[in-house]
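Here's the structure we're looking at; comments come further down.
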Amino acid sequence: MKDFASVILAGERADRDALRDETGVACKALLDIDGTPMIRRVINALEASTHVASIHLSGPTEACVQSDAGLAGLIERRVVDWTASGASPSTSAHQMLSRFPGDQPVLITTADHPLLTDEIVDHFCRDSATSGCDVVIGLAPYDLVRETYPDLKKTVLRFRDGGYCGCNLFAFMTEDGRRVADFWKQVEQERKKPLVVIRLLGLWALLRYRLGWLSLDRALAGLSRRVGVRIGVVILPYAHASVDVDSVSDYVLVQRYSQEASAKHSDA
């Protein structure tokens, strides 16, 4: 059932970027991963999903789009809808959400998600649709991520019941849920610092988190009260759901992991 509109955030965060400088690409979204630009790998996963009805790009720049014939062709054939990105990811998300009817479920992900698959997308969308929440966030167990990708550095949310890594997957299920985009603006600059985000829930929540007493459910309940919407999570049993490319070292590792996976698939 194709019921989600999907949005890929593909804007650039800064004028200078170590990844662009190192690889010489026009923009980060076009980084080549095992023969295919990252952004087209994400588009391929969304196209193959049984839950995604449409694909919308926020960024990259028009010049960047035109530098990749494959991406430009997808937009020209209206397989993908493109619009210029906002000044920040949260601004882009807010702008894109405003384009859809309030009752339209919207999946938001990012262009630097090169190992995303239709299986991950379908699992996340299916569980989000039955969650009863306004907004749903995708997480992967840190132990699984560490076991699968021991060399990859990840930000970890450490709760009493386990550690989790973000997956750059967000489902906005209701019109009320779109208020989270405003809250996002408050925390996006500190997105790699869990303590700063937890601090927004209050000093008691911060203390419980520091002492290892705060559970994921309690944190979600506090965040839901803080924002005024029902926020839930889908725990994804896929380590690669948490893999993104934020640095040159990430890029080198993801290239290696992707090539190894392709080699195993070819040998099978």
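Residues in the structure tokens are numbered from 1 in each chain, the chains being A, B, ... in the order shown, and ligands are numbered from 1 in the order shown.
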Can you list, as JSON, numbers by chain, every residue of stretch 22-243 of chain A that DSSP puts in helix (DSSP H, G or I)? {"A": [22, 23, 28, 29, 30, 38, 39, 40, 41, 42, 43, 44, 45, 46, 47, 48, 62, 63, 64, 65, 66, 69, 70, 71, 72, 73, 74, 75, 76, 89, 90, 91, 92, 93, 94, 95, 96, 97, 118, 119, 120, 121, 122, 123, 124, 125, 126, 127, 128, 129, 142, 143, 144, 145, 146, 147, 148, 176, 177, 178, 179, 180, 181, 182, 183, 184, 185, 186, 187, 188, 189, 190, 194, 195, 196, 197, 198, 199, 203, 204, 205, 206, 207, 208, 209, 210, 216, 217, 218, 219, 220, 221, 222, 223, 224, 225, 226, 227, 239, 240, 241, 242]}
Quick check for you: according to DSSP on this backbone, which residues of stretch 20-156 of chain A are classed as strand (DSSP E or B)? Reply as a ChimeraX atom specification. /A:32-33,36-37,52-58,81-83,106-110,135-141
Export, as a short mmCIF file (atom, residue, chain, number, x, y, z; two decimals), in the first residue's frame, the selected residues with C-alpha atoms.
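Dumped to result-v9.cif:
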```
data_model
loop_
_atom_site.label_atom_id
_atom_site.label_comp_id
_atom_site.auth_asym_id
_atom_site.auth_seq_id
_atom_site.Cartn_x
_atom_site.Cartn_y
_atom_site.Cartn_z
CA ASP A 32 29.98 7.89 -5.10
CA ILE A 33 29.35 4.74 -3.07
CA THR A 36 26.29 5.02 -7.45
CA PRO A 37 25.88 8.52 -5.97
CA VAL A 52 6.10 5.19 -0.71
CA ALA A 53 3.82 6.92 -3.20
CA SER A 54 5.99 9.91 -4.12
CA ILE A 55 9.55 11.18 -3.74
CA HIS A 56 10.41 14.82 -3.09
CA LEU A 57 13.89 16.35 -2.90
CA SER A 58 14.78 19.38 -0.80
CA ASP A 81 10.07 16.29 -7.46
CA TRP A 82 12.80 18.85 -6.67
CA THR A 83 12.73 22.12 -4.75
CA VAL A 106 5.25 11.97 5.34
CA LEU A 107 8.52 10.07 5.61
CA ILE A 108 11.64 12.23 5.92
CA THR A 109 15.15 10.92 5.40
CA THR A 110 18.49 12.31 4.24
CA VAL A 135 5.66 11.46 14.97
CA VAL A 136 7.86 8.37 14.81
CA ILE A 137 11.66 8.20 14.91
CA GLY A 138 13.75 5.31 13.62
CA LEU A 139 16.43 3.89 15.94
CA ALA A 140 18.80 0.92 15.76
CA PRO A 141 20.25 -0.93 18.77
#
```
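Between A:Pro101 and the residues A:Tyr257, A:Phe172, A:Tyr238, A:Trp184, the shortest atom-to-atom distance, using only C-alpha atoms, involves A:Phe172.
Minimum atom-to-atom distances from A:Met96, A:Met173, A:Ile8, A:Val227 to A:Asp134 were compared using only C-alpha atoms, and the lowest value belongs to A:Met173.
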Residue nearest A:Phe124 - candidates A:Leu236, A:Ala5, A:Cys165, A:Ala263, atoms counted: only C-alpha atoms: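 Closest candidate: A:Leu236.
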Which residues are close to A:Ala45, i.e. within 9 Å by only C-alpha atoms, leaving aside same-chain residues fewer than 4 positions away? Reply as a VMD selection string. chain A and resid 40 to 41 49 115 to 121
Could you dump the residues just selected with N, CA and C atoms as a compact mmCIF listing (two decimals), in the first residue's frame?
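The resulting file, result-v5.txt, is reproduced below:
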```txt
# COMPACT_ATOMS: atom_id res chain seq x y z
N ARG A 40 21.18 8.92 -5.23
CA ARG A 40 20.44 8.00 -6.09
C ARG A 40 20.23 6.64 -5.42
N ARG A 41 21.11 6.26 -4.53
CA ARG A 41 20.89 5.03 -3.76
C ARG A 41 19.67 5.19 -2.85
N SER A 49 10.16 0.79 -2.49
CA SER A 49 9.31 0.57 -1.32
C SER A 49 7.84 0.39 -1.71
N LEU A 115 23.21 3.25 2.60
CA LEU A 115 22.90 1.83 2.75
C LEU A 115 21.42 1.59 3.00
N LEU A 116 20.61 2.62 2.81
CA LEU A 116 19.16 2.48 2.96
C LEU A 116 18.62 1.51 1.92
N THR A 117 17.66 0.67 2.33
CA THR A 117 17.04 -0.28 1.42
C THR A 117 15.53 -0.18 1.51
N ASP A 118 14.86 -0.74 0.52
CA ASP A 118 13.39 -0.75 0.55
C ASP A 118 12.87 -1.58 1.72
N GLU A 119 13.63 -2.59 2.13
CA GLU A 119 13.22 -3.41 3.28
C GLU A 119 13.17 -2.56 4.55
N ILE A 120 14.20 -1.74 4.75
CA ILE A 120 14.21 -0.84 5.91
C ILE A 120 13.06 0.14 5.84
N VAL A 121 12.87 0.75 4.68
CA VAL A 121 11.79 1.74 4.51
C VAL A 121 10.44 1.11 4.78
```
Pick out the residues sitting within 10 Å of A:Val80, and hand them over as an MDAnalysis selection string; count only C-alpha atoms, and ignore anything fewer than 2 positions along from it in its own chain. chainID A and resid 6:7 43 47 54:57 71:78 82
Distance of atom CA of A:Pro150 from atom CA of A:Val243, expressed in Å to one decimal place: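 Atom CA of A:Pro150 lies at a distance of 11.9 Å from atom CA of A:Val243.
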Please report the interatomic distance between atom CA of A:Phe4 and atom CA of A:Pro105 in Å with one decimal.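 Atom CA of A:Pro105 lies at a distance of 5.1 Å from atom CA of A:Phe4.
Look at A:Arg146: the protein and nucleic acid residues within 12 Å of it, using only C-alpha atoms and passing over chain neighbours fewer than 3 places away, are Ala140, Pro141, Tyr142, Asp143, Tyr149, Pro150, Asp151, Leu152, Lys153, Lys154, Thr155, Val156, Gly163, Tyr164, Cys165, Tyr238, Ala239, His240, Ser242 and Val243 of chain A.
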Who sits within 8 Å of A:Ile39, only C-alpha atoms, same chain under 2 positions skipped, as a PyMOL selection string: chain A and resi 10+29-30+37+41-43+111-114
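The interatomic distance for the pair atom CA of A:His51 and atom CA of A:Met38 works out to 21.0 Å.
With only C-alpha atoms as the atoms that count, the minimum distance from A:Ala241 to the choices A:Ser92, A:Thr130, A:Thr148, A:Ser224 is reached by A:Thr148.
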Could you pull the residues within 9 Å of A:Gly86, counting only C-alpha atoms, minus those fewer than 6 positions along the same chain, as a list in words?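 Final neighbour list, sorted by chain and number: Gly11, Ser58, Gly59, Ser92, Ala93, His94 and Gln95 of chain A.
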Could you take the residues named above and write them with N, CA and C atoms, as a PDB file, in the first residue's frame?
```
ATOM      1  N   GLY A  11      20.207  19.316   1.285  1.00  0.00           N
ATOM      2  CA  GLY A  11      20.898  20.602   1.293  1.00  0.00           C
ATOM      3  C   GLY A  11      22.293  20.474   1.873  1.00  0.00           C
ATOM      4  N   SER A  58      14.517  18.019  -1.274  1.00  0.00           N
ATOM      5  CA  SER A  58      14.783  19.375  -0.803  1.00  0.00           C
ATOM      6  C   SER A  58      16.278  19.590  -0.951  1.00  0.00           C
ATOM      7  N   GLY A  59      16.691  20.254  -2.059  1.00  0.00           N
ATOM      8  CA  GLY A  59      18.086  20.338  -2.418  1.00  0.00           C
ATOM      9  C   GLY A  59      18.462  19.102  -3.221  1.00  0.00           C
ATOM     10  N   SER A  92      14.195  23.256   6.042  1.00  0.00           N
ATOM     11  CA  SER A  92      13.811  22.478   4.862  1.00  0.00           C
ATOM     12  C   SER A  92      12.667  21.530   5.184  1.00  0.00           C
ATOM     13  N   ALA A  93      12.767  20.844   6.332  1.00  0.00           N
ATOM     14  CA  ALA A  93      11.704  19.920   6.733  1.00  0.00           C
ATOM     15  C   ALA A  93      10.386  20.653   6.904  1.00  0.00           C
ATOM     16  N   HIS A  94      10.431  21.796   7.566  1.00  0.00           N
ATOM     17  CA  HIS A  94       9.219  22.593   7.789  1.00  0.00           C
ATOM     18  C   HIS A  94       8.615  23.014   6.455  1.00  0.00           C
ATOM     19  N   GLN A  95       9.434  23.488   5.535  1.00  0.00           N
ATOM     20  CA  GLN A  95       8.946  23.909   4.223  1.00  0.00           C
ATOM     21  C   GLN A  95       8.315  22.750   3.464  1.00  0.00           C
TER      22      GLN A  95
END
```
The residue from A:Phe183, A:Phe159, A:Phe170, A:Phe100 with the smallest atom-to-atom distance to A:Leu216, counting only C-alpha atoms, is A:Phe159
